[in-house]
$ cat protein02.tsv   # TSV, C-alpha atoms
chain	number	residue	atom	x	y	z
L	1	MET	CA	97.31	282.66	411.00
L	2	SER	CA	94.99	281.70	408.13
L	3	GLY	CA	91.66	283.46	407.76
L	4	GLU	CA	89.78	280.16	408.13
L	5	THR	CA	91.47	279.35	411.48
L	6	LEU	CA	90.76	282.81	412.78
L	7	LYS	CA	87.15	282.75	411.55
L	8	GLY	CA	86.19	280.13	414.14
L	9	HIS	CA	87.30	282.42	416.96
L	10	LEU	CA	86.37	285.75	415.44
L	11	ASP	CA	83.20	286.19	417.52
L	12	LEU	CA	85.13	285.78	420.77
L	13	LEU	CA	87.79	288.27	419.66
L	14	LEU	CA	85.26	290.85	418.46
L	15	LEU	CA	83.13	290.54	421.61
L	16	ALA	CA	86.25	290.90	423.77
L	17	ILE	CA	87.41	294.05	421.94
L	18	VAL	CA	83.98	295.67	421.86
L	19	GLY	CA	83.43	294.63	425.48
L	20	GLU	CA	86.41	296.66	426.57
L	21	ARG	CA	84.99	299.93	425.25
L	22	PRO	CA	82.54	301.02	422.52
L	23	ALA	CA	84.40	301.40	419.24
L	24	HIS	CA	83.85	301.88	415.50
L	25	GLY	CA	84.76	299.27	412.88
L	26	TYR	CA	88.17	300.70	411.97
L	27	ALA	CA	89.26	300.88	415.62
L	28	ILE	CA	88.07	297.31	416.23
L	29	ILE	CA	90.06	296.01	413.25
L	30	GLU	CA	93.14	297.98	414.33
L	31	ALA	CA	92.88	296.51	417.83
L	32	LEU	CA	92.54	293.02	416.35
L	33	ARG	CA	95.70	293.48	414.28
L	34	ASP	CA	97.80	295.43	416.79
L	35	ARG	CA	97.12	293.27	419.83
L	36	SER	CA	97.90	290.10	417.91
L	37	ASP	CA	101.17	291.66	416.69
L	38	GLY	CA	99.86	291.39	413.15
L	39	ALA	CA	98.95	287.69	413.44
L	40	PHE	CA	95.22	288.40	412.99
L	41	ASP	CA	95.32	290.38	409.77
L	42	LEU	CA	92.08	289.61	407.93
L	43	PRO	CA	90.83	291.45	404.84
L	44	GLU	CA	89.40	294.40	406.77
L	45	GLY	CA	86.08	294.40	404.92
L	46	THR	CA	85.29	290.88	406.10
L	47	VAL	CA	85.12	291.95	409.75
L	48	TYR	CA	82.06	294.17	409.16
L	49	PRO	CA	79.78	291.27	408.12
L	50	ALA	CA	80.67	289.51	411.39
L	51	LEU	CA	79.88	292.68	413.35
L	52	HIS	CA	76.51	292.95	411.59
L	53	ARG	CA	75.77	289.29	412.33
L	54	LEU	CA	76.60	289.73	416.02
L	55	GLU	CA	74.30	292.74	416.09
L	56	VAL	CA	71.45	290.81	414.44
L	57	ALA	CA	71.99	288.08	417.05
L	58	GLY	CA	71.67	290.70	419.80
L	59	SER	CA	75.23	290.36	421.18
L	60	ILE	CA	76.21	293.91	420.22
L	61	GLN	CA	74.34	297.08	419.35
L	62	SER	CA	75.38	300.14	417.39
L	63	HIS	CA	74.54	303.77	416.74
L	64	TRP	CA	75.72	306.56	414.49
L	65	ALA	CA	78.00	309.20	415.99
L	66	ALA	CA	79.63	312.24	414.44
L	67	ALA	CA	83.45	312.35	414.48
L	68	ALA	CA	85.85	314.55	412.52
L	69	GLY	CA	82.98	315.75	410.35
L	70	ARG	CA	82.04	312.18	409.36
L	71	LYS	CA	79.31	309.76	410.38
L	72	ARG	CA	80.71	306.81	412.29
L	73	ARG	CA	78.99	303.63	413.49
L	74	ILE	CA	79.88	302.84	417.09
L	75	TYR	CA	79.51	299.26	418.37
L	76	GLU	CA	79.01	298.30	422.01
L	77	LEU	CA	78.29	295.10	423.90
L	78	THR	CA	74.75	294.28	425.07
L	79	ALA	CA	73.89	292.37	428.23
L	80	ALA	CA	73.34	289.25	426.10
L	81	GLY	CA	76.72	289.88	424.46
L	82	ARG	CA	78.41	290.09	427.85
L	83	GLU	CA	76.98	286.69	428.76
L	84	ALA	CA	77.99	285.25	425.37
L	85	LEU	CA	81.51	286.60	425.91
L	86	GLN	CA	81.78	284.86	429.28
L	87	VAL	CA	80.62	281.56	427.79
L	88	LYS	CA	83.03	281.85	424.86
L	89	ARG	CA	85.90	282.78	427.19
L	90	ARG	CA	85.26	279.66	429.28
L	91	GLU	CA	85.02	277.48	426.16
L	92	TRP	CA	88.29	278.90	424.81
L	93	SER	CA	90.01	278.50	428.15
L	94	ASP	CA	88.94	274.82	428.41
L	95	PHE	CA	89.98	274.18	424.82
L	96	ALA	CA	93.36	275.91	425.18
L	97	SER	CA	94.22	274.18	428.44
L	98	GLY	CA	93.23	270.80	426.95
L	99	VAL	CA	95.36	271.30	423.86
L	100	GLY	CA	98.21	272.67	426.00
L	101	ALA	CA	98.13	269.64	428.29
L	102	ILE	CA	98.37	267.21	425.36
L	103	LEU	CA	101.18	269.13	423.69
L	104	ARG	CA	103.15	269.36	426.96
L	105	GLU	CA	102.85	265.60	427.43
L	106	MET	CA	104.11	264.94	423.91
L	107	ALA	CA	106.99	267.40	424.09
A	1	MET	CA	93.22	309.53	390.59
A	2	SER	CA	92.30	311.25	393.86
A	3	GLU	CA	91.38	309.54	397.14
A	4	GLN	CA	87.79	310.56	396.51
A	5	ASP	CA	87.76	308.94	393.03
A	6	HIS	CA	89.27	305.67	394.28
A	7	ILE	CA	86.85	305.35	397.20
A	8	ASP	CA	83.79	306.39	395.19
A	9	SER	CA	84.63	303.86	392.49
A	10	TYR	CA	85.07	301.12	395.13
A	11	LEU	CA	81.76	302.05	396.81
A	12	ASP	CA	79.96	301.90	393.43
A	13	ASP	CA	81.33	298.39	392.83
A	14	LEU	CA	80.42	297.31	396.37
A	15	ALA	CA	76.88	298.72	396.01
A	16	ARG	CA	76.43	296.64	392.85
A	17	ALA	CA	77.80	293.47	394.49
A	18	LEU	CA	75.83	293.63	397.78
A	19	LYS	CA	72.83	291.29	397.85
A	20	ILE	CA	71.29	292.44	401.13
A	21	ASP	CA	68.30	294.61	401.95
A	22	PRO	CA	68.62	298.23	400.76
A	23	ALA	CA	68.60	299.86	404.20
A	24	ARG	CA	71.43	297.66	405.45
A	25	ALA	CA	73.33	298.17	402.18
A	26	ARG	CA	73.19	301.95	402.70
A	27	ARG	CA	74.64	301.49	406.17
A	28	VAL	CA	77.39	299.17	404.91
A	29	LEU	CA	78.38	301.71	402.25
A	30	ALA	CA	78.50	304.53	404.83
A	31	GLU	CA	80.66	302.44	407.18
A	32	THR	CA	82.95	301.40	404.32
A	33	ASP	CA	83.32	305.01	403.20
A	34	ASP	CA	84.32	306.06	406.73
A	35	HIS	CA	86.71	303.11	407.08
A	36	LEU	CA	88.49	303.72	403.75
A	37	ARG	CA	88.93	307.45	404.44
A	38	GLU	CA	90.39	306.79	407.88
A	39	ALA	CA	92.66	304.04	406.53
A	40	THR	CA	93.83	306.27	403.68
A	41	HIS	CA	94.56	309.07	406.16
A	42	ASP	CA	96.64	306.72	408.36
A	43	ILE	CA	98.59	305.31	405.42
A	44	ARG	CA	99.33	308.83	404.12
A	45	ALA	CA	100.71	309.70	407.55
A	46	THR	CA	103.50	307.17	406.88
A	47	GLY	CA	104.66	309.20	403.85
A	48	VAL	CA	102.72	307.44	401.08
A	49	ASP	CA	101.11	309.69	398.44
A	50	GLU	CA	97.31	310.10	398.23
A	51	ASP	CA	96.76	307.90	395.18
A	52	GLU	CA	98.82	304.99	396.55
A	53	ALA	CA	97.38	305.35	400.06
A	54	ALA	CA	93.79	305.06	398.80
A	55	ARG	CA	94.76	302.09	396.62
A	56	LEU	CA	96.39	300.33	399.60
A	57	ALA	CA	93.43	301.04	401.89
A	58	ILE	CA	91.08	299.49	399.35
A	59	GLU	CA	93.37	296.48	398.85
A	60	ARG	CA	93.41	295.81	402.61
A	61	PHE	CA	89.64	296.07	402.76
A	62	GLY	CA	89.10	293.24	400.26
A	63	THR	CA	87.46	293.09	396.85
A	64	PRO	CA	83.81	294.16	396.64
A	65	GLN	CA	82.89	290.61	395.62
A	66	VAL	CA	84.56	289.05	398.70
A	67	VAL	CA	83.03	291.59	401.10
A	68	ALA	CA	79.56	291.31	399.53
A	69	SER	CA	79.70	287.53	399.55
A	70	ARG	CA	80.71	287.53	403.25
A	71	PHE	CA	77.74	289.78	404.06
A	72	SER	CA	75.37	287.40	402.26
A	73	THR	CA	76.82	284.39	404.12
A	74	GLU	CA	76.93	286.00	407.57
A	75	LEU	CA	73.43	287.46	407.39
A	76	ARG	CA	71.75	284.37	405.93
A	77	PRO	CA	69.00	283.45	408.42
A	78	PRO	CA	68.66	279.87	409.69
A	79	LEU	CA	66.29	277.78	407.55
A	80	VAL	CA	64.13	276.80	410.54
A	81	ALA	CA	63.55	280.46	411.44
A	82	VAL	CA	62.59	281.29	407.85
A	83	GLY	CA	60.20	278.31	407.77
A	84	ARG	CA	58.59	279.37	411.03
A	85	GLU	CA	58.12	282.94	409.82
A	86	LEU	CA	56.69	281.66	406.52
A	87	VAL	CA	54.17	279.43	408.31
A	88	ILE	CA	53.10	282.34	410.54
A	89	ALA	CA	52.72	284.67	407.54
A	90	LEU	CA	50.69	282.09	405.63
A	91	ALA	CA	48.53	281.45	408.73
A	92	GLY	CA	47.82	285.19	408.86
A	93	MET	CA	46.75	285.21	405.22
A	94	ALA	CA	44.70	282.03	405.72
A	95	ALA	CA	42.90	283.73	408.64
A	96	VAL	CA	42.15	286.75	406.45
A	97	GLY	CA	40.89	284.44	403.69
A	98	LEU	CA	38.64	282.46	406.03
A	99	ILE	CA	37.22	285.63	407.61
A	100	ALA	CA	36.63	287.03	404.11
A	101	ILE	CA	34.63	283.88	403.27
A	102	GLY	CA	32.60	284.44	406.45
A	103	ILE	CA	31.89	288.07	405.51
A	104	SER	CA	30.90	286.99	402.00
A	105	GLY	CA	28.43	284.59	403.60
A	106	ALA	CA	26.90	287.44	405.59
A	107	LEU	CA	26.80	289.57	402.44
A	108	ALA	CA	25.15	286.71	400.55
A	109	GLY	CA	22.58	286.58	403.39
A	110	ALA	CA	21.90	290.30	402.89
A	111	PHE	CA	21.51	289.71	399.14
A	112	GLY	CA	19.07	286.90	399.91
A	113	HIS	CA	17.08	289.18	402.21
A	114	PHE	CA	16.78	291.99	399.67
A	115	PHE	CA	16.80	290.20	396.29
A	116	GLY	CA	15.49	286.75	397.19
A	117	TRP	CA	17.18	283.43	397.89
A	118	THR	CA	17.13	282.46	394.21
A	119	PHE	CA	19.55	285.31	393.41
A	120	VAL	CA	22.01	283.80	395.90
A	121	ALA	CA	21.52	280.06	395.58
A	122	GLY	CA	19.14	279.38	392.69
A	123	ASP	CA	20.03	276.79	390.07
A	124	LYS	CA	20.75	277.70	386.46
A	125	SER	CA	17.86	276.99	384.09
A	126	GLY	CA	17.71	273.41	382.97
A	127	VAL	CA	19.18	271.89	386.12
A	128	THR	CA	17.26	268.81	387.25
A	129	TYR	CA	17.71	266.31	390.08
A	130	THR	CA	17.20	262.58	390.26
A	131	ALA	CA	14.32	261.29	392.33
A	132	GLN	CA	16.77	260.02	394.94
A	133	ARG	CA	18.47	263.43	395.23
A	134	CYS	CA	15.09	265.16	395.48
A	135	ALA	CA	14.09	262.81	398.28
A	136	GLU	CA	17.31	263.71	400.14
A	137	TYR	CA	16.67	267.46	399.74
A	138	LEU	CA	13.05	267.10	400.88
A	139	LYS	CA	14.16	265.07	403.89
A	140	ILE	CA	16.59	267.83	404.89
A	141	SER	CA	13.99	270.59	404.28
A	142	PRO	CA	10.59	269.09	405.13
A	143	ASN	CA	8.89	272.52	404.90
A	144	ALA	CA	9.76	272.86	401.21
A	145	THR	CA	6.81	272.50	398.87
A	146	ASN	CA	8.76	270.92	395.99
A	147	CYS	CA	12.18	269.58	395.00
A	148	THR	CA	13.41	272.87	393.48
A	149	GLN	CA	12.59	274.77	396.67
A	150	ALA	CA	14.21	272.07	398.85
A	151	ALA	CA	17.38	272.25	396.74
A	152	LEU	CA	17.33	276.05	397.03
A	153	PHE	CA	17.12	275.85	400.84
A	154	ASP	CA	20.03	273.42	400.90
A	155	HIS	CA	22.22	275.52	398.58
A	156	TYR	CA	21.35	278.72	400.42
A	157	TRP	CA	22.46	277.14	403.71
A	158	GLU	CA	25.72	276.04	402.07
A	159	ILE	CA	26.43	279.55	400.80
A	160	VAL	CA	25.32	281.61	403.81
A	161	GLY	CA	25.50	279.37	406.87
A	162	GLN	CA	28.60	277.36	406.03
A	163	ARG	CA	30.52	280.42	404.88
A	164	ILE	CA	29.74	282.20	408.16
A	165	ALA	CA	30.91	279.10	410.05
A	166	VAL	CA	34.16	279.24	408.05
A	167	GLY	CA	34.48	282.92	409.04
A	168	VAL	CA	34.22	281.96	412.74
A	169	LEU	CA	36.98	279.40	412.17
A	170	GLY	CA	38.98	282.24	410.58
A	171	LEU	CA	38.64	284.32	413.76
A	172	MET	CA	40.10	281.42	415.75
A	173	VAL	CA	43.00	281.07	413.28
A	174	LEU	CA	43.53	284.83	413.57
A	175	GLY	CA	43.79	284.50	417.36
A	176	GLY	CA	46.37	281.73	416.99
A	177	TYR	CA	48.25	283.83	414.45
A	178	ALA	CA	48.38	286.82	416.82
A	179	ILE	CA	49.73	284.65	419.66
A	180	ALA	CA	52.34	282.98	417.41
A	181	ARG	CA	53.43	286.35	416.02
A	182	ARG	CA	53.86	287.89	419.47
A	183	SER	CA	55.88	284.93	420.72
A	184	SER	CA	58.20	284.96	417.70
A	185	LYS	CA	58.99	288.69	417.67
A	186	SER	CA	62.76	288.82	417.23
A	187	GLY	CA	63.05	292.20	415.54
A	188	GLN	CA	64.56	290.60	412.47
A	189	ALA	CA	62.46	290.11	409.37
A	190	ARG	CA	63.60	287.00	407.52
A	191	LEU	CA	61.01	286.94	404.75
A	192	PRO	CA	61.45	289.34	401.82
A	193	HIS	CA	60.25	292.89	402.45
A	194	GLY	CA	56.50	293.12	401.69
A	195	PHE	CA	56.00	289.34	401.40
A	196	SER	CA	52.47	289.16	402.88
A	197	PRO	CA	51.09	292.22	401.03
A	198	ILE	CA	52.53	290.95	397.72
A	199	VAL	CA	51.05	287.46	398.10
A	200	GLY	CA	47.77	288.82	399.53
A	201	THR	CA	47.36	291.38	396.76
A	202	ALA	CA	48.00	288.76	394.08
A	203	LEU	CA	45.72	286.07	395.56
A	204	PHE	CA	42.76	288.28	396.42
A	205	GLY	CA	43.15	290.26	393.18
A	206	LEU	CA	42.85	287.04	391.18
A	207	ALA	CA	39.92	285.84	393.31
A	208	ALA	CA	38.10	289.16	392.87
A	209	LEU	CA	38.71	289.11	389.12
A	210	ALA	CA	37.45	285.55	388.72
A	211	LEU	CA	34.39	285.84	390.98
A	212	LEU	CA	33.26	289.26	389.75
A	213	GLY	CA	33.94	288.25	386.15
A	214	VAL	CA	31.93	285.02	386.29
A	215	SER	CA	29.04	286.57	388.26
A	216	SER	CA	28.89	289.55	385.86
A	217	LEU	CA	28.87	287.25	382.84
A	218	ASN	CA	26.05	285.24	384.41
A	219	ILE	CA	23.98	288.34	385.09
A	220	VAL	CA	24.54	289.83	381.62
A	221	PHE	CA	24.40	286.74	379.39
A	222	SER	CA	22.44	284.17	381.40
A	223	ASN	CA	20.17	285.01	384.32
A	224	THR	CA	20.59	286.27	387.84
A	225	SER	CA	19.80	282.90	389.41
A	226	GLY	CA	22.67	281.97	391.75
A	227	ALA	CA	24.78	284.99	390.74
A	228	GLY	CA	24.60	286.54	394.22
A	229	GLY	CA	26.67	283.73	395.72
A	230	LEU	CA	29.63	284.47	393.46
A	231	LEU	CA	29.04	288.24	393.53
A	232	SER	CA	29.25	288.38	397.34
A	233	GLY	CA	32.58	286.53	397.22
A	234	GLY	CA	33.85	288.86	394.49
A	235	ILE	CA	32.94	292.03	396.39
A	236	VAL	CA	34.65	290.86	399.60
A	237	SER	CA	37.74	289.69	397.64
A	238	LEU	CA	37.92	293.11	396.01
A	239	ALA	CA	37.78	294.82	399.42
A	240	VAL	CA	40.56	292.58	400.82
A	241	PHE	CA	42.59	293.14	397.62
A	242	ALA	CA	42.27	296.91	398.20
A	243	VAL	CA	43.47	296.58	401.81
A	244	TYR	CA	46.49	294.42	400.86
A	245	GLY	CA	47.23	296.69	397.88
A	246	THR	CA	47.27	299.78	400.10
A	247	ARG	CA	49.59	298.02	402.57
A	248	LEU	CA	51.85	296.95	399.73
A	249	ALA	CA	52.09	300.50	398.37
A	250	ARG	CA	52.87	301.81	401.87
A	251	GLU	CA	55.55	299.20	402.56
A	252	LEU	CA	57.26	299.65	399.20
A	253	THR	CA	57.49	303.40	399.65
A	254	SER	CA	58.80	303.28	403.22
A	255	PRO	CA	61.70	300.81	403.57
A	256	ALA	CA	62.40	299.56	407.09
A	257	ALA	CA	65.22	301.37	408.84
A	258	VAL	CA	68.27	299.39	410.00
$ encode --input "protein02.tsv" --output "structure tokens"
Amino acid sequence: MSGETLKGHLDLLLLAIVGERPAHGYAIIEALRDRSDGAFDLPEGTVYPALHRLEVAGSIQSHWAAAAGRKRRIYELTAAGREALQVKRREWSDFASGVGAILREMA
Amino acid sequence: MSEQDHIDSYLDDLARALKIDPARARRVLAETDDHLREATHDIRATGVDEDEAARLAIERFGTPQVVASRFSTELRPPLVAVGRELVIALAGMAAVGLIAIGISGALAGAFGHFFGWTFVAGDKSGVTYTAQRCAEYLKISPNATNCTQAALFDHYWEIVGQRIAVGVLGLMVLGGYAIARRSSKSGQARLPHGFSPIVGTALFGLAALALLGVSSLNIVFSNTSGAGGLLSGGIVSLAVFAVYGTRLARELTSPAAV
């Protein structure tokens, strides 16, 4: 999938992954790639700006933690982020079922 | 080249390319460092040598220019929010300016009390008024014994009374500013770091320079008549300049944490 197509849905995917359990950037990107069977394989460095934007918007929060002798930034969902995730899930579900219905009719 | 060399070189390039505030840039570099080391470690675990693993990890991360550009785009604040914050900041400075005018009026009043009204509001030598203007001044100040005294009363009121009235207006603007600031607290600063202190220091510094300069020149080369009006403004501007300057120095030496 092209980066541009994915970009429109990146917030939903990031919120869903972080919503499952707090995680650092590398783990979030791995989850994004692994769970999509490699379909969502963005330049890894471009995911961090989206994480920072979501944090500025108040959907996620982060803190430093020590792991394997290194400092690591852990991201977790906020209450506002949980609400935003629900809204985006509903929007995606409506969109996907609408597109699916049209494609089924045309098949 | 070792893993360390590859990653350090990449981080140097990224640091140069990032156009975001310094505190956030430090955090981005620390996160990138951690990411690249973990990625290199994972790639090495598949049997790739250290040099190639670090190179691959960096390639997957994206060029410093692409990453930096994405940060600039993603963190660009909405124009409306910037405009709102700018208006609030300018309202704060306007309130300070209006209150400063009010204080200068009170100071001019003190000058008038101790050094005479002429020092504050007297005309320069050679100033004359038309008969019509004199009649207007005498109508406003019926207790004045002549036109010069009536004009002095009028000018003194303009300098002391009207400035104090402007100061009261400044207090009201300050109240509005405080309410607007509290209601717009979002935790995110959209204006450049130190915006208000920089603008305040520059504006009040220039005002102090001009007012003190002109009043000093009048006192030294002309006469003291009317110099107190400018001098009071210069002294208050200098005090506000000192306050903004101190704030500026403090803000520049203690960057906000992210």
$ interface_residues --input "protein02.tsv" --of "chain L" --to "chain A" --cutoff "6 Å" --atoms "all atoms listed in the file" --output "list in words"
Tyr26, Pro43, Glu44, Gly45, Thr46, Pro49 and Arg53 of chain L
$ residues_around --input "protein02.tsv" --residues "Ala106 of chain A" --least-positions-apart "5" --cutoff "8 Å" --atoms "only C-alpha atoms" --output "JSON, numbers by chain"
{"A": [160, 163, 164]}
$ residues_around --input "protein02.tsv" --residues "segment 224-231 of chain A" --least-positions-apart "6" --cutoff "7 Å" --atoms "all atoms listed in the file" --output "list of chain:residue names"
A:Ala108, A:Phe111, A:Thr118, A:Phe119, A:Val120, A:Ala121, A:Gly122, A:Asp123, A:Lys124, A:Ile159, A:Leu211, A:Leu212, A:Ser215, A:Asn218
$ atom_distance --input "protein02.tsv" --atom1 "atom CA of Gln4 of chain A" --atom2 "atom CA of Leu18 of chain A"
20.8 Å
$ residues_around --input "protein02.tsv" --residues "Pro22 of chain L" --least-positions-apart "2" --cutoff "8 Å" --atoms "all atoms listed in the file" --output "PDB file with C-alpha atoms, in the coordinates of the input"
ATOM      1  CA  VAL L  18      83.980 295.670 421.860  1.00  0.00           C
ATOM      2  CA  GLY L  19      83.430 294.630 425.480  1.00  0.00           C
ATOM      3  CA  GLU L  20      86.410 296.660 426.570  1.00  0.00           C
ATOM      4  CA  HIS L  24      83.850 301.880 415.500  1.00  0.00           C
ATOM      5  CA  ILE L  74      79.880 302.840 417.090  1.00  0.00           C
ATOM      6  CA  TYR L  75      79.510 299.260 418.370  1.00  0.00           C
ATOM      7  CA  GLU L  76      79.010 298.300 422.010  1.00  0.00           C
ATOM      8  CA  LEU L  77      78.290 295.100 423.900  1.00  0.00           C
TER       9      LEU L  77
END
$ residues_around --input "protein02.tsv" --residues "Asp11 of chain L" --least-positions-apart "3" --cutoff "9 Å" --atoms "only C-alpha atoms" --output "list in words"
Lys7, Gly8, Leu14, Leu15, Ala16, Ala50, Leu51, Leu54, Leu85 and Lys88 of chain L
$ atom_distance --input "protein02.tsv" --atom1 "atom CA of Leu98 of chain A" --atom2 "atom CA of Ala165 of chain A"
9.3 Å
$ residues_around --input "protein02.tsv" --residues "Val87 of chain L" --least-positions-apart "6" --cutoff "10 Å" --atoms "all atoms listed in the file" --output "list in words"
Leu12, Gly81 and Ser93 of chain L
$ atom_distance --input "protein02.tsv" --atom1 "atom CA of Ile43 of chain A" --atom2 "atom CA of Gln65 of chain A"
23.6 Å
$ build_atoms --input "protein02.tsv" --residues "segment 77-103 of chain L" --atoms "N, CA and C atoms" --output "PDB file, in the coordinates of the input"
ATOM      1  N   LEU L  77      78.804 296.404 423.465  1.00  0.00           N
ATOM      2  CA  LEU L  77      78.290 295.100 423.900  1.00  0.00           C
ATOM      3  C   LEU L  77      76.925 295.260 424.569  1.00  0.00           C
ATOM      4  N   THR L  78      76.037 294.310 424.356  1.00  0.00           N
ATOM      5  CA  THR L  78      74.750 294.280 425.070  1.00  0.00           C
ATOM      6  C   THR L  78      74.896 293.343 426.269  1.00  0.00           C
ATOM      7  N   ALA L  79      73.854 293.287 427.081  1.00  0.00           N
ATOM      8  CA  ALA L  79      73.890 292.370 428.230  1.00  0.00           C
ATOM      9  C   ALA L  79      74.013 290.921 427.739  1.00  0.00           C
ATOM     10  N   ALA L  80      73.268 290.614 426.662  1.00  0.00           N
ATOM     11  CA  ALA L  80      73.340 289.250 426.100  1.00  0.00           C
ATOM     12  C   ALA L  80      74.751 288.982 425.558  1.00  0.00           C
ATOM     13  N   GLY L  81      75.364 290.016 424.997  1.00  0.00           N
ATOM     14  CA  GLY L  81      76.720 289.880 424.460  1.00  0.00           C
ATOM     15  C   GLY L  81      77.731 289.621 425.569  1.00  0.00           C
ATOM     16  N   ARG L  82      77.503 290.267 426.712  1.00  0.00           N
ATOM     17  CA  ARG L  82      78.410 290.090 427.850  1.00  0.00           C
ATOM     18  C   ARG L  82      78.350 288.626 428.338  1.00  0.00           C
ATOM     19  N   GLU L  83      77.134 288.100 428.365  1.00  0.00           N
ATOM     20  CA  GLU L  83      76.980 286.690 428.760  1.00  0.00           C
ATOM     21  C   GLU L  83      77.640 285.776 427.736  1.00  0.00           C
ATOM     22  N   ALA L  84      77.409 286.076 426.441  1.00  0.00           N
ATOM     23  CA  ALA L  84      77.990 285.250 425.370  1.00  0.00           C
ATOM     24  C   ALA L  84      79.519 285.292 425.450  1.00  0.00           C
ATOM     25  N   LEU L  85      80.050 286.455 425.796  1.00  0.00           N
ATOM     26  CA  LEU L  85      81.510 286.600 425.910  1.00  0.00           C
ATOM     27  C   LEU L  85      82.050 285.708 427.039  1.00  0.00           C
ATOM     28  N   GLN L  86      81.336 285.703 428.154  1.00  0.00           N
ATOM     29  CA  GLN L  86      81.780 284.860 429.280  1.00  0.00           C
ATOM     30  C   GLN L  86      81.791 283.386 428.894  1.00  0.00           C
ATOM     31  N   VAL L  87      80.717 282.972 428.212  1.00  0.00           N
ATOM     32  CA  VAL L  87      80.620 281.560 427.790  1.00  0.00           C
ATOM     33  C   VAL L  87      81.765 281.226 426.830  1.00  0.00           C
ATOM     34  N   LYS L  88      81.984 282.111 425.852  1.00  0.00           N
ATOM     35  CA  LYS L  88      83.030 281.850 424.860  1.00  0.00           C
ATOM     36  C   LYS L  88      84.421 281.875 425.487  1.00  0.00           C
ATOM     37  N   ARG L  89      84.622 282.733 426.466  1.00  0.00           N
ATOM     38  CA  ARG L  89      85.900 282.780 427.190  1.00  0.00           C
ATOM     39  C   ARG L  89      86.179 281.443 427.877  1.00  0.00           C
ATOM     40  N   ARG L  90      85.125 280.941 428.569  1.00  0.00           N
ATOM     41  CA  ARG L  90      85.260 279.660 429.280  1.00  0.00           C
ATOM     42  C   ARG L  90      85.574 278.534 428.294  1.00  0.00           C
ATOM     43  N   GLU L  91      84.827 278.527 427.168  1.00  0.00           N
ATOM     44  CA  GLU L  91      85.020 277.480 426.160  1.00  0.00           C
ATOM     45  C   GLU L  91      86.459 277.519 425.632  1.00  0.00           C
ATOM     46  N   TRP L  92      86.935 278.741 425.349  1.00  0.00           N
ATOM     47  CA  TRP L  92      88.290 278.900 424.810  1.00  0.00           C
ATOM     48  C   TRP L  92      89.335 278.451 425.842  1.00  0.00           C
ATOM     49  N   SER L  93      89.085 278.837 427.087  1.00  0.00           N
ATOM     50  CA  SER L  93      90.010 278.500 428.150  1.00  0.00           C
ATOM     51  C   SER L  93      90.113 276.978 428.311  1.00  0.00           C
ATOM     52  N   ASP L  94      88.947 276.298 428.302  1.00  0.00           N
ATOM     53  CA  ASP L  94      88.940 274.820 428.410  1.00  0.00           C
ATOM     54  C   ASP L  94      89.674 274.201 427.229  1.00  0.00           C
ATOM     55  N   PHE L  95      89.375 274.725 426.045  1.00  0.00           N
ATOM     56  CA  PHE L  95      89.980 274.180 424.820  1.00  0.00           C
ATOM     57  C   PHE L  95      91.496 274.377 424.848  1.00  0.00           C
ATOM     58  N   ALA L  96      91.924 275.596 425.196  1.00  0.00           N
ATOM     59  CA  ALA L  96      93.360 275.910 425.180  1.00  0.00           C
ATOM     60  C   ALA L  96      94.113 275.092 426.221  1.00  0.00           C
ATOM     61  N   SER L  97      93.497 274.937 427.418  1.00  0.00           N
ATOM     62  CA  SER L  97      94.220 274.180 428.440  1.00  0.00           C
ATOM     63  C   SER L  97      94.280 272.691 428.069  1.00  0.00           C
ATOM     64  N   GLY L  98      93.226 272.192 427.405  1.00  0.00           N
ATOM     65  CA  GLY L  98      93.230 270.800 426.950  1.00  0.00           C
ATOM     66  C   GLY L  98      94.306 270.558 425.909  1.00  0.00           C
ATOM     67  N   VAL L  99      94.360 271.428 424.916  1.00  0.00           N
ATOM     68  CA  VAL L  99      95.360 271.300 423.860  1.00  0.00           C
ATOM     69  C   VAL L  99      96.763 271.436 424.457  1.00  0.00           C
ATOM     70  N   GLY L 100      96.911 272.426 425.373  1.00  0.00           N
ATOM     71  CA  GLY L 100      98.210 272.670 426.000  1.00  0.00           C
ATOM     72  C   GLY L 100      98.696 271.448 426.761  1.00  0.00           C
ATOM     73  N   ALA L 101      97.767 270.807 427.493  1.00  0.00           N
ATOM     74  CA  ALA L 101      98.130 269.640 428.290  1.00  0.00           C
ATOM     75  C   ALA L 101      98.650 268.511 427.398  1.00  0.00           C
ATOM     76  N   ILE L 102      97.955 268.283 426.283  1.00  0.00           N
ATOM     77  CA  ILE L 102      98.370 267.210 425.360  1.00  0.00           C
ATOM     78  C   ILE L 102      99.734 267.527 424.764  1.00  0.00           C
ATOM     79  N   LEU L 103      99.906 268.772 424.331  1.00  0.00           N
ATOM     80  CA  LEU L 103     101.180 269.130 423.690  1.00  0.00           C
ATOM     81  C   LEU L 103     102.345 269.051 424.688  1.00  0.00           C
TER      82      LEU L 103
END
